file entry_19.txt (compact mmCIF, C-alpha atoms and all ligand atoms)
# COMPACT_ATOMS: atom_id res chain seq x y z
CA MET A 1 0.00 0.00 0.00
CA SER A 2 1.35 3.41 -0.92
CA THR A 3 2.51 5.63 1.94
CA ARG A 4 0.77 8.59 0.35
CA PRO A 5 -1.87 10.03 2.72
CA LEU A 6 -5.35 8.91 1.72
CA LEU A 7 -7.02 12.21 2.49
CA ASN A 8 -6.60 14.94 -0.08
CA ARG A 9 -4.07 17.41 1.23
CA SER A 10 -6.53 20.32 1.10
CA LEU A 11 -8.50 18.58 3.88
CA ALA A 12 -5.50 17.47 5.92
CA GLY A 13 -5.96 18.16 9.60
CA MET A 14 -9.66 18.95 9.30
CA GLY A 15 -10.77 15.69 10.95
CA THR A 16 -14.24 15.46 12.48
CA THR A 17 -16.20 18.70 12.86
CA ILE A 18 -16.33 20.12 16.34
CA PHE A 19 -20.13 19.91 16.19
CA ALA A 20 -20.10 16.16 15.59
CA GLU A 21 -17.44 15.64 18.27
CA MET A 22 -19.28 17.63 20.90
CA SER A 23 -22.74 16.23 20.10
CA ALA A 24 -21.32 12.70 20.42
CA LEU A 25 -19.83 13.69 23.78
CA ALA A 26 -23.23 15.04 24.88
CA THR A 27 -24.90 11.74 23.97
CA ALA A 28 -22.19 9.60 25.56
CA THR A 29 -22.30 11.54 28.84
CA GLY A 30 -26.04 12.31 28.91
CA SER A 31 -25.20 16.02 29.08
CA ILE A 32 -27.32 18.99 28.13
CA ASN A 33 -26.17 19.89 24.63
CA LEU A 34 -25.68 23.64 24.29
CA GLY A 35 -22.99 22.91 21.68
CA GLN A 36 -24.26 22.21 18.17
CA GLY A 37 -26.81 24.80 17.09
CA PHE A 38 -30.07 22.95 16.62
CA PRO A 39 -33.38 23.66 18.36
CA ASP A 40 -34.82 21.07 20.75
CA THR A 41 -38.33 21.95 19.56
CA ASP A 42 -39.39 21.41 15.96
CA GLY A 43 -40.79 24.23 13.85
CA PRO A 44 -44.51 24.90 13.16
CA ARG A 45 -46.78 21.87 13.14
CA GLU A 46 -48.55 23.00 9.94
CA ILE A 47 -45.23 23.13 8.13
CA ALA A 48 -44.34 19.60 9.28
CA GLU A 49 -47.80 18.53 8.07
CA ALA A 50 -47.16 20.18 4.71
CA ALA A 51 -43.99 18.07 4.37
CA ALA A 52 -45.86 14.88 5.34
CA ARG A 53 -48.65 15.73 2.87
CA ALA A 54 -46.13 16.28 0.09
CA VAL A 55 -44.62 12.83 0.72
CA LEU A 56 -48.03 11.13 0.82
CA ASP A 57 -49.36 13.02 -2.20
CA GLY A 58 -46.31 12.10 -4.22
CA ARG A 59 -44.93 15.61 -4.58
CA GLY A 60 -41.14 15.71 -4.61
CA ASN A 61 -40.60 12.00 -4.04
CA GLN A 62 -38.74 11.80 -7.34
CA TYR A 63 -35.92 14.14 -8.38
CA PRO A 64 -37.20 17.69 -8.22
CA PRO A 65 -36.01 20.14 -10.92
CA GLY A 66 -32.29 21.01 -10.70
CA PRO A 67 -32.78 24.66 -9.67
CA GLY A 68 -35.48 23.72 -7.11
CA ILE A 69 -39.27 23.44 -7.42
CA PRO A 70 -40.89 26.57 -8.94
CA GLU A 71 -43.11 27.04 -5.83
CA LEU A 72 -40.08 27.38 -3.57
CA ARG A 73 -38.13 29.59 -5.95
CA ALA A 74 -41.16 31.89 -6.14
CA ALA A 75 -41.48 31.90 -2.33
CA VAL A 76 -37.79 32.79 -1.91
CA ALA A 77 -38.15 35.67 -4.38
CA GLU A 78 -41.28 36.89 -2.53
CA HIS A 79 -39.42 36.69 0.79
CA GLN A 80 -36.55 38.84 -0.51
CA GLN A 81 -39.07 41.38 -1.77
CA ARG A 82 -41.21 41.31 1.38
CA PHE A 83 -38.40 41.74 3.91
CA TYR A 84 -35.74 43.67 1.96
CA GLY A 85 -37.40 45.16 -1.12
CA LEU A 86 -35.03 43.12 -3.31
CA SER A 87 -36.41 41.84 -6.56
CA TYR A 88 -35.21 38.50 -7.98
CA ASP A 89 -36.50 36.50 -10.92
CA PRO A 90 -37.49 33.08 -9.51
CA ASP A 91 -36.56 31.39 -12.80
CA THR A 92 -33.04 32.71 -13.28
CA GLU A 93 -31.98 34.33 -10.00
CA VAL A 94 -32.88 31.76 -7.33
CA LEU A 95 -31.32 28.35 -6.72
CA VAL A 96 -32.40 25.81 -4.09
CA THR A 97 -29.57 23.92 -2.36
CA ALA A 98 -29.01 21.20 0.25
CA GLY A 99 -28.91 23.66 3.11
CA ALA A 100 -26.71 26.72 3.29
CA THR A 101 -23.77 24.33 3.59
CA GLU A 102 -24.10 23.16 0.00
CA ALA A 103 -24.74 26.71 -1.18
CA ILE A 104 -21.47 27.85 0.41
CA ALA A 105 -19.58 24.90 -1.07
CA ALA A 106 -21.03 25.34 -4.55
CA ALA A 107 -20.49 29.12 -4.53
CA LEU A 108 -16.85 28.82 -3.49
CA LEU A 109 -16.10 25.91 -5.84
CA ALA A 110 -17.76 27.76 -8.71
CA LEU A 111 -16.26 31.20 -8.19
CA LEU A 112 -12.70 30.52 -7.02
CA GLU A 113 -9.54 29.48 -8.84
CA PRO A 114 -6.48 28.01 -7.16
CA GLY A 115 -4.37 30.85 -5.80
CA ASP A 116 -7.30 33.22 -5.21
CA GLU A 117 -7.59 34.79 -1.79
CA VAL A 118 -10.83 34.93 0.17
CA ILE A 119 -11.24 37.36 3.04
CA ALA A 120 -13.58 36.16 5.78
CA PHE A 121 -14.22 37.19 9.37
CA GLU A 122 -12.64 34.92 11.92
CA PRO A 123 -13.80 33.15 14.00
CA PHE A 124 -15.28 31.51 10.89
CA TYR A 125 -18.00 28.93 10.53
CA ASP A 126 -16.12 25.67 10.06
CA SER A 127 -17.22 24.82 6.53
CA TYR A 128 -15.74 28.05 5.15
CA ALA A 129 -12.16 26.97 5.75
CA ALA A 130 -12.81 23.51 4.30
CA CYS A 131 -14.58 24.79 1.17
CA ILE A 132 -12.01 27.50 0.48
CA ALA A 133 -9.33 24.83 0.77
CA MET A 134 -11.20 22.39 -1.50
CA ALA A 135 -11.39 25.15 -4.10
CA GLY A 136 -7.59 25.49 -3.88
CA ALA A 137 -7.89 29.06 -2.66
CA THR A 138 -6.41 30.70 0.42
CA ARG A 139 -8.34 32.09 3.35
CA VAL A 140 -7.32 35.46 4.70
CA PRO A 141 -8.86 36.08 8.10
CA LEU A 142 -10.07 39.43 9.36
CA THR A 143 -10.11 38.79 13.09
CA LEU A 144 -13.10 40.00 15.11
CA ARG A 145 -11.62 40.70 18.52
CA ALA A 146 -13.25 40.61 21.94
CA PRO A 147 -14.96 42.40 23.53
CA SER A 148 -16.75 44.19 20.67
CA PHE A 149 -16.12 41.72 17.82
CA ARG A 150 -16.47 44.55 15.29
CA PRO A 151 -14.56 44.30 11.99
CA ASP A 152 -11.66 46.76 11.69
CA LEU A 153 -12.38 48.27 8.29
CA ASP A 154 -8.88 49.73 7.87
CA GLU A 155 -7.51 46.27 8.47
CA LEU A 156 -9.94 44.91 5.90
CA ARG A 157 -8.64 47.41 3.36
CA SER A 158 -5.05 46.43 4.15
CA LEU A 159 -5.82 42.73 3.59
CA ILE A 160 -6.96 43.26 0.00
CA THR A 161 -4.28 42.27 -2.55
CA PRO A 162 -4.33 41.75 -6.33
CA ARG A 163 -5.11 38.09 -5.58
CA THR A 164 -8.22 38.86 -3.52
CA ARG A 165 -11.20 37.48 -5.42
CA LEU A 166 -13.97 37.25 -2.90
CA LEU A 167 -15.27 38.53 0.43
CA LEU A 168 -17.21 35.99 2.48
CA VAL A 169 -19.44 37.93 4.85
CA ASN A 170 -21.48 36.32 7.62
CA THR A 171 -24.00 38.56 9.35
CA PRO A 172 -25.53 37.88 11.87
CA HIS A 173 -22.24 36.23 12.71
CA ASN A 174 -21.78 32.75 14.12
CA PRO A 175 -20.29 32.37 16.77
CA THR A 176 -19.89 35.98 18.06
CA GLY A 177 -23.44 37.25 17.40
CA THR A 178 -22.11 40.38 15.71
CA VAL A 179 -24.66 42.05 13.41
CA LEU A 180 -23.02 44.40 10.93
CA THR A 181 -24.27 47.98 11.07
CA PRO A 182 -25.37 49.90 7.96
CA GLU A 183 -22.11 51.89 8.20
CA GLU A 184 -19.98 48.73 8.30
CA LEU A 185 -21.91 47.21 5.43
CA GLY A 186 -21.54 50.44 3.46
CA ALA A 187 -17.77 50.44 3.96
CA ILE A 188 -17.51 46.77 2.94
CA ALA A 189 -19.62 47.45 -0.16
CA GLU A 190 -17.42 50.39 -1.15
CA LEU A 191 -14.30 48.25 -0.88
CA ALA A 192 -15.92 45.47 -2.91
CA VAL A 193 -16.87 47.89 -5.67
CA GLU A 194 -13.53 49.73 -5.61
CA HIS A 195 -11.57 46.47 -5.93
CA ASP A 196 -14.13 44.70 -8.11
CA LEU A 197 -14.54 41.79 -5.68
CA LEU A 198 -17.18 39.11 -5.60
CA VAL A 199 -19.10 38.80 -2.34
CA VAL A 200 -20.76 35.75 -0.82
CA THR A 201 -23.06 36.53 2.09
CA ASP A 202 -24.12 33.94 4.63
CA GLU A 203 -27.41 35.21 6.07
CA VAL A 204 -28.78 32.07 7.73
CA TYR A 205 -29.57 34.00 10.94
CA GLU A 206 -31.31 36.83 9.07
CA HIS A 207 -34.45 36.52 11.23
CA LEU A 208 -32.57 36.36 14.52
CA VAL A 209 -31.52 39.95 15.11
CA PHE A 210 -32.22 41.35 18.59
CA ALA A 211 -30.52 44.73 18.28
CA GLY A 212 -30.63 46.74 15.05
CA ALA A 213 -31.84 45.03 11.89
CA HIS A 214 -30.59 42.66 9.23
CA HIS A 215 -29.54 44.46 6.05
CA PRO A 216 -28.52 42.36 3.05
CA LEU A 217 -25.34 43.60 1.37
CA ALA A 218 -26.96 42.95 -2.01
CA ALA A 219 -29.25 45.93 -1.38
CA LEU A 220 -26.37 48.43 -1.39
CA PRO A 221 -25.26 50.36 -4.49
CA GLY A 222 -23.11 48.32 -6.84
CA MET A 223 -23.62 45.13 -4.85
CA ARG A 224 -26.45 43.26 -6.54
CA GLU A 225 -24.32 42.35 -9.55
CA ARG A 226 -21.46 40.97 -7.44
CA THR A 227 -23.24 39.29 -4.52
CA VAL A 228 -24.27 35.69 -4.03
CA ALA A 229 -26.64 35.73 -1.03
CA ILE A 230 -27.19 32.51 0.91
CA SER A 231 -29.81 31.54 3.45
CA SER A 232 -31.58 28.46 4.73
CA ALA A 233 -34.81 27.19 6.26
CA GLY A 234 -32.97 25.33 9.01
CA LYS A 235 -32.58 28.22 11.44
CA THR A 236 -35.59 30.38 10.59
CA PHE A 237 -38.14 27.55 10.74
CA SER A 238 -36.42 25.20 13.21
CA PHE A 239 -36.05 22.29 10.82
CA THR A 240 -32.28 21.93 10.65
CA GLY A 241 -32.52 18.30 9.50
CA TRP A 242 -34.41 19.16 6.31
CA LYS A 243 -31.40 20.87 4.76
CA VAL A 244 -33.21 23.25 2.47
CA GLY A 245 -31.18 26.32 1.57
CA TRP A 246 -31.09 28.80 -1.28
CA VAL A 247 -28.98 31.23 -3.24
CA THR A 248 -30.06 34.52 -4.80
CA GLY A 249 -28.01 36.54 -7.26
CA THR A 250 -27.79 37.63 -10.87
CA PRO A 251 -28.50 35.01 -13.56
CA GLU A 252 -24.75 34.77 -14.30
CA LEU A 253 -23.79 34.20 -10.64
CA VAL A 254 -26.63 31.76 -10.02
CA ALA A 255 -25.75 29.83 -13.20
CA ALA A 256 -22.16 29.52 -12.01
CA VAL A 257 -23.20 28.27 -8.57
CA ARG A 258 -25.73 25.89 -10.15
CA THR A 259 -23.02 24.39 -12.36
CA ALA A 260 -21.04 23.33 -9.28
CA LYS A 261 -24.15 22.42 -7.27
CA GLN A 262 -25.46 19.98 -9.89
CA TYR A 263 -22.38 17.79 -9.39
CA LEU A 264 -22.52 17.91 -5.59
CA THR A 265 -26.04 16.68 -4.85
CA TYR A 266 -27.79 17.45 -8.15
CA VAL A 267 -31.01 17.93 -6.11
CA SER A 268 -32.26 17.20 -2.59
CA ALA A 269 -35.14 17.31 -0.11
CA GLY A 270 -37.95 17.17 -2.72
CA PRO A 271 -41.00 17.04 -0.42
CA PHE A 272 -39.43 19.43 2.09
CA GLN A 273 -39.12 22.04 -0.64
CA TYR A 274 -42.95 22.21 -0.81
CA ALA A 275 -43.17 22.66 2.95
CA VAL A 276 -40.50 25.38 3.01
CA ALA A 277 -42.36 27.26 0.27
CA GLU A 278 -45.31 27.40 2.70
CA ALA A 279 -43.08 28.32 5.63
CA LEU A 280 -41.58 31.33 3.85
CA ARG A 281 -45.13 32.68 3.39
CA LEU A 282 -46.01 32.49 7.09
CA PRO A 283 -47.39 35.79 8.42
CA ASP A 284 -45.16 38.43 10.00
CA SER A 285 -46.37 37.26 13.42
CA TYR A 286 -44.50 33.97 12.97
CA TYR A 287 -41.21 35.75 12.40
CA ALA A 288 -41.85 38.22 15.25
CA ASP A 289 -42.78 35.48 17.74
CA PHE A 290 -39.77 33.37 16.76
CA ARG A 291 -37.43 36.28 17.33
CA ALA A 292 -39.11 37.30 20.60
CA ASP A 293 -38.87 33.74 21.95
CA LEU A 294 -35.15 33.57 21.22
CA HIS A 295 -34.61 37.08 22.55
CA ARG A 296 -36.05 35.95 25.90
CA LYS A 297 -33.87 32.86 25.85
CA ARG A 298 -30.80 34.90 25.04
CA ASP A 299 -31.45 37.08 28.06
CA LEU A 300 -32.09 34.08 30.29
CA LEU A 301 -28.90 32.28 29.29
CA ALA A 302 -26.78 35.46 29.29
CA ALA A 303 -27.84 36.29 32.84
CA GLY A 304 -27.34 32.68 33.96
CA LEU A 305 -23.86 32.44 32.45
CA ALA A 306 -22.84 35.73 34.04
CA GLU A 307 -24.09 34.50 37.45
CA ALA A 308 -22.16 31.27 36.95
CA GLY A 309 -18.98 33.34 36.56
CA PHE A 310 -18.48 33.62 32.80
CA ARG A 311 -17.74 36.88 31.07
CA VAL A 312 -20.63 37.18 28.62
CA PHE A 313 -20.42 38.96 25.25
CA GLU A 314 -24.04 39.75 24.53
CA PRO A 315 -24.89 38.75 20.94
CA GLN A 316 -26.89 41.13 18.75
CA GLY A 317 -28.10 38.19 16.66
CA THR A 318 -27.97 34.37 16.07
CA TYR A 319 -28.78 31.84 18.78
CA PHE A 320 -25.30 31.65 20.25
CA ILE A 321 -23.58 33.39 23.14
CA THR A 322 -19.81 33.68 23.19
CA THR A 323 -18.25 33.82 26.65
CA ASP A 324 -14.79 34.21 28.15
CA ILE A 325 -13.82 31.62 30.73
CA THR A 326 -10.91 33.57 32.22
CA PRO A 327 -12.93 34.81 35.24
CA LEU A 328 -13.45 31.14 36.15
CA GLY A 329 -9.69 30.71 36.40
CA GLU A 330 -9.64 28.86 33.07
CA LYS A 331 -7.45 29.60 30.07
CA ASP A 332 -8.08 27.01 27.39
CA GLY A 333 -11.54 26.66 25.86
CA ILE A 334 -10.77 23.35 24.14
CA GLU A 335 -9.67 21.68 27.39
CA PHE A 336 -12.54 23.33 29.24
CA CYS A 337 -15.16 22.04 26.75
CA ARG A 338 -13.71 18.51 26.74
CA ALA A 339 -13.95 18.42 30.56
CA LEU A 340 -17.27 20.27 30.97
CA PRO A 341 -19.58 17.25 30.45
CA GLU A 342 -17.85 15.32 33.25
CA ARG A 343 -17.62 18.36 35.49
CA CYS A 344 -21.22 19.47 35.26
CA GLY A 345 -23.17 17.71 32.52
CA VAL A 346 -23.20 20.51 29.93
CA VAL A 347 -21.70 20.61 26.43
CA ALA A 348 -20.43 23.80 24.76
CA ILE A 349 -18.19 24.64 21.79
CA PRO A 350 -14.67 26.09 22.03
CA ASN A 351 -14.39 29.07 19.68
CA ALA A 352 -10.64 28.52 19.23
CA VAL A 353 -11.38 25.92 16.54
CA PHE A 354 -12.92 28.67 14.39
CA TYR A 355 -9.74 30.79 14.42
CA ASP A 356 -6.46 30.63 12.53
CA ASP A 357 -5.17 32.95 15.24
CA THR A 358 -6.10 30.42 17.94
CA GLU A 359 -4.69 32.67 20.68
CA ALA A 360 -7.36 35.29 19.87
CA GLY A 361 -10.10 32.77 20.68
CA ARG A 362 -8.34 30.54 23.20
CA ALA A 363 -10.45 31.48 26.21
CA GLN A 364 -13.76 31.75 24.34
CA VAL A 365 -16.56 29.23 24.64
CA ARG A 366 -19.89 29.29 22.79
CA PHE A 367 -23.28 28.24 24.19
CA ALA A 368 -26.44 27.75 22.07
CA PHE A 369 -29.73 29.02 23.49
CA CYS A 370 -32.19 27.53 20.94
CA LYS A 371 -33.40 25.18 23.69
CA LYS A 372 -36.48 24.90 25.93
CA THR A 373 -36.59 27.32 28.85
CA ASP A 374 -36.39 24.57 31.46
CA VAL A 375 -33.40 23.04 29.67
CA LEU A 376 -31.60 26.40 29.73
CA GLU A 377 -32.47 26.83 33.41
CA GLU A 378 -31.18 23.38 34.25
CA ALA A 379 -27.97 24.01 32.28
CA VAL A 380 -27.41 27.26 34.16
CA SER A 381 -27.96 25.63 37.52
CA ARG A 382 -25.45 22.91 36.60
CA LEU A 383 -22.93 25.51 35.47
CA HIS A 384 -23.10 27.17 38.89
CA ALA A 385 -21.09 24.21 40.11
CA LEU A 386 -18.08 25.73 38.36
CA ARG A 387 -18.02 28.49 40.94
CA THR A 388 -18.51 26.38 43.97
CA GLY A 389 -15.90 23.90 42.73
N1 LIG A 401 -23.70 29.13 7.96
C1 LIG A 401 -23.72 29.36 9.27
C2 LIG A 401 -23.14 30.64 9.79
C3 LIG A 401 -24.27 28.43 10.14
O1 LIG A 401 -24.27 28.64 11.45
C4 LIG A 401 -24.81 27.23 9.61
C5 LIG A 401 -25.38 26.20 10.52
N2 LIG A 401 -26.71 26.23 10.41
C6 LIG A 401 -24.78 27.05 8.23
C7 LIG A 401 -24.21 28.00 7.43
C8 LIG A 401 -25.31 25.80 7.58
O2 LIG A 401 -26.67 25.86 7.37
P1 LIG A 401 -27.49 24.58 6.86
O3 LIG A 401 -27.80 23.76 8.04
O4 LIG A 401 -28.68 25.16 6.20
O5 LIG A 401 -26.62 23.85 5.89
N1 LIG A 402 -24.52 25.66 12.37
C1 LIG A 402 -24.48 24.80 13.50
C2 LIG A 402 -23.64 25.44 14.61
O1 LIG A 402 -22.92 26.39 14.40
C3 LIG A 402 -23.92 23.45 13.25
C4 LIG A 402 -24.21 22.78 11.97
C5 LIG A 402 -23.32 21.59 11.78
O2 LIG A 402 -23.23 20.74 12.65
N2 LIG A 402 -22.64 21.55 10.68
O3 LIG A 402 -23.72 24.94 15.69

call {"tool": "encode", "arguments": {"input": "entry_19.txt", "output": "structure tokens"}}
result
Amino acid sequence: MSTRPLLNRSLAGMGTTIFAEMSALATATGSINLGQGFPDTDGPREIAEAAARAVLDGRGNQYPPGPGIPELRAAVAEHQQRFYGLSYDPDTEVLVTAGATEAIAAALLALLEPGDEVIAFEPFYDSYAACIAMAGATRVPLTLRAPSFRPDLDELRSLITPRTRLLLVNTPHNPTGTVLTPEELGAIAELAVEHDLLVVTDEVYEHLVFAGAHHPLAALPGMRERTVAISSAGKTFSFTGWKVGWVTGTPELVAAVRTAKQYLTYVSAGPFQYAVAEALRLPDSYYADFRADLHRKRDLLAAGLAEAGFRVFEPQGTYFITTDITPLGEKDGIEFCRALPERCGVVAIPNAVFYDDTEAGRAQVRFAFCKKTDVLEEAVSRLHALRTG
């Protein structure tokens, strides 16, 4: 047998995702899982029924159309118009994907050449690094630093080189909860136009903003023609297992992403696409109640973590809270998270794994609050044990 490593070198060292590792640890130890970001309550009953009906009525049980079923593409276009005043042609400017994860992969594989540089905020969502690497490109991190986790726009400017091809912008940002302000978005847009960069936006937490509002970059001057916007039903409708995501952009950008996407999954989630089309058309009250529920849970967990001795960085959006464990006399988030289930029956995620500059995130630990109130309360009471020893 050859001694050559089996795993392609672009994936060397990437191993098992932190989410899989920590969820397995939660199961093995019977801990409360505030690690991987998935809700412990499913989304609306009528949307689950719509999916079941689609299966039983034989809608979507065979390969759906490559770009996604027309009903869902129309619903995505309506959603962009309804919430952001953005107009997209459902036939040429919308593409349905296997979650945001496939959309990110297809966009990066389609738009990048080996040697291109991609600037992304770090800590970055784990699939960004893997997909940039699989495309043969290089990631260039713009570090969001505690306590504010705001992007330094002068630093962003200084990172742009003749090889920069693409900005990968995640707002609301996982794991810090940063929501970019209109001023920050304006500055990013100006740089993208000035340097003629492509932009991929990951907006999966678009409906989870507690302070300020979500503004899509594509709405800014000069941005529509260069932006591939990505979102997903997983977070907004609490069906993370359905893996229905979508891309919006110009016909040229969407065609490029579709070319890569058709050789990844070709299509997916046929019956769920019908249900998500219904979900996107839920009344404003659904979106408002969903946000209000998570806002309450954010406040509950933030207060509980602070009482338990963590330094809490209050997130403006997403369903994650980043903390600093230094006040607990701890230094290393990875060690802390590996020991936490045994120490007090709670699982969390060490942010260091989302950084190239691991020192910048060494003492940070992320907790998810998309869980039932009593589960969050129980987790907080268990975490109090950290103080008392
Ligand atoms: N981007 C970010 C920032 C995420 O947190 C997630 C996890 N939901 C994804 C993309 C992937 O979304 P999906 O589950 O729809 O593939
Ligand atoms: N987006 C989820 C998180 O950040 C995890 C999704 C996954 O496991 N890939 O927790």

call {"tool": "closest_residue", "arguments": {"input": "entry_19.txt", "among": "A:Phe320, A:Phe149, A:Tyr274, A:Tyr88", "to": "ligand LIG 401 (chain A)", "atoms": "all atoms listed in the file"}}
result
A:Phe320

call {"tool": "closest_atom_pairs", "arguments": {"input": "entry_19.txt", "of": "chain A", "to": "ligand LIG 401 (chain A)", "cutoff": "9 Å", "atoms": "all atoms listed in the file", "output": "CSV"}}
result
residue,atom,partner,partner_atom,distance
A:Gln36,CA,A:LIG401,C5,8.7
A:Gly37,CA,A:LIG401,N2,6.8
A:Phe38,CA,A:LIG401,N2,7.8
A:Thr97,CA,A:LIG401,O4,8.7
A:Ala98,CA,A:LIG401,O5,6.7
A:Gly99,CA,A:LIG401,O4,3.4
A:Ala100,CA,A:LIG401,O4,3.8
A:Thr101,CA,A:LIG401,O5,3.7
A:Glu102,CA,A:LIG401,O5,6.4
A:Ala103,CA,A:LIG401,O5,7.9
A:Ile104,CA,A:LIG401,C7,7.5
A:Phe124,CA,A:LIG401,C2,8.0
A:Tyr125,CA,A:LIG401,C2,5.5
A:Asp126,CA,A:LIG401,C1,8.5
A:Ser127,CA,A:LIG401,C7,7.7
A:Tyr128,CA,A:LIG401,N1,8.5
A:Asn170,CA,A:LIG401,C2,6.3
A:Thr171,CA,A:LIG401,C2,8.0
A:Pro172,CA,A:LIG401,C2,7.9
A:His173,CA,A:LIG401,C2,6.4
A:Asn174,CA,A:LIG401,C2,5.0
A:Pro175,CA,A:LIG401,O1,7.6
A:Asp202,CA,A:LIG401,N1,5.9
A:Glu203,CA,A:LIG401,C2,7.3
A:Val204,CA,A:LIG401,N1,5.9
A:Tyr205,CA,A:LIG401,C2,7.3
A:Ile230,CA,A:LIG401,C7,8.5
A:Ser231,CA,A:LIG401,O4,7.0
A:Ser232,CA,A:LIG401,O4,4.6
A:Ala233,CA,A:LIG401,O4,6.5
A:Gly234,CA,A:LIG401,O4,5.1
A:Lys235,CA,A:LIG401,N2,6.3
A:Phe239,CA,A:LIG401,O3,8.8
A:Thr240,CA,A:LIG401,O3,5.5
A:Gly241,CA,A:LIG401,O3,7.4
A:Trp242,CA,A:LIG401,O3,8.2
A:Lys243,CA,A:LIG401,O4,5.3
A:Val244,CA,A:LIG401,O4,6.2
A:Gly245,CA,A:LIG401,O4,5.4
A:Trp246,CA,A:LIG401,O4,8.7
A:Thr318,CA,A:LIG401,O1,8.2

call {"tool": "closest_residue", "arguments": {"input": "entry_19.txt", "among": "A:Ala20, A:Ala106, A:Ala129, A:Met14", "to": "ligand LIG 402 (chain A)", "atoms": "all atoms listed in the file"}}
result
A:Ala20

call {"tool": "closest_residue", "arguments": {"input": "entry_19.txt", "among": "A:Ala279, A:Val76, A:Ala368, A:Val267", "to": "ligand LIG 402 (chain A)", "atoms": "only C-alpha atoms and all ligand atoms"}}
result
A:Ala368

call {"tool": "closest_residue", "arguments": {"input": "entry_19.txt", "among": "A:Leu25, A:Leu253, A:Leu34, A:Leu386", "to": "ligand LIG 402 (chain A)", "atoms": "all atoms listed in the file"}}
result
A:Leu34

call {"tool": "closest_residue", "arguments": {"input": "entry_19.txt", "among": "A:Ile334, A:Val94, A:Ile47, A:Val169", "to": "Phe121 of chain A", "atoms": "only C-alpha atoms"}}
result
A:Val169

call {"tool": "atom_distance", "arguments": {"input": "entry_19.txt", "atom1": "atom CA of Ala110 of chain A", "atom2": "atom CA of Leu197 of chain A"}}
result
14.7 Å

call {"tool": "closest_residue", "arguments": {"input": "entry_19.txt", "among": "A:Gly43, A:Gly361, A:Gly177, A:Pro114", "to": "ligand LIG 402 (chain A)", "atoms": "only C-alpha atoms and all ligand atoms"}}
result
A:Gly177

call {"tool": "residues_around", "arguments": {"input": "entry_19.txt", "residues": "Asp289 of chain A", "least_positions_apart": "6", "cutoff": "12 Å", "atoms": "all atoms listed in the file", "output": "VMD selection string"}}
result
chain A and resid 44 207 to 208 236 to 237 282 to 283 295 to 296

call {"tool": "atom_distance", "arguments": {"input": "entry_19.txt", "atom1": "atom CA of Leu198 of chain A", "atom2": "atom CA of Leu166 of chain A"}}
result
4.6 Å

call {"tool": "atom_distance", "arguments": {"input": "entry_19.txt", "atom1": "atom CA of Phe272 of chain A", "atom2": "atom CA of Pro70 of chain A"}}
result
13.2 Å

call {"tool": "residues_near_point", "arguments": {"input": "entry_19.txt", "point": "(-37.0, 45.1, 5.5)", "cutoff": "8 Å", "atoms": "all atoms listed in the file", "output": "MDAnalysis selection string"}}
result
chainID A and resid 82:85 214:215

call {"tool": "residues_around", "arguments": {"input": "entry_19.txt", "residues": "Thr373 of chain A", "least_positions_apart": "5", "cutoff": "10 Å", "atoms": "only C-alpha atoms", "output": "ChimeraX atom specification"}}
result
/A:293-294,296-297,300-301,378-379

call {"tool": "decode", "arguments": {"input": "entry_19.txt", "residues": "segment 11-37 of chain A", "atoms": "C-alpha atoms", "output": "CSV table (one decimal), in the first residue's frame"}}
result
chain,number,residue,atom,x,y,z
A,11,LEU,CA,-8.5,18.6,3.9
A,12,ALA,CA,-5.5,17.5,5.9
A,13,GLY,CA,-6.0,18.2,9.6
A,14,MET,CA,-9.7,19.0,9.3
A,15,GLY,CA,-10.8,15.7,11.0
A,16,THR,CA,-14.2,15.5,12.5
A,17,THR,CA,-16.2,18.7,12.9
A,18,ILE,CA,-16.3,20.1,16.3
A,19,PHE,CA,-20.1,19.9,16.2
A,20,ALA,CA,-20.1,16.2,15.6
A,21,GLU,CA,-17.4,15.6,18.3
A,22,MET,CA,-19.3,17.6,20.9
A,23,SER,CA,-22.7,16.2,20.1
A,24,ALA,CA,-21.3,12.7,20.4
A,25,LEU,CA,-19.8,13.7,23.8
A,26,ALA,CA,-23.2,15.0,24.9
A,27,THR,CA,-24.9,11.7,24.0
A,28,ALA,CA,-22.2,9.6,25.6
A,29,THR,CA,-22.3,11.5,28.8
A,30,GLY,CA,-26.0,12.3,28.9
A,31,SER,CA,-25.2,16.0,29.1
A,32,ILE,CA,-27.3,19.0,28.1
A,33,ASN,CA,-26.2,19.9,24.6
A,34,LEU,CA,-25.7,23.6,24.3
A,35,GLY,CA,-23.0,22.9,21.7
A,36,GLN,CA,-24.3,22.2,18.2
A,37,GLY,CA,-26.8,24.8,17.1
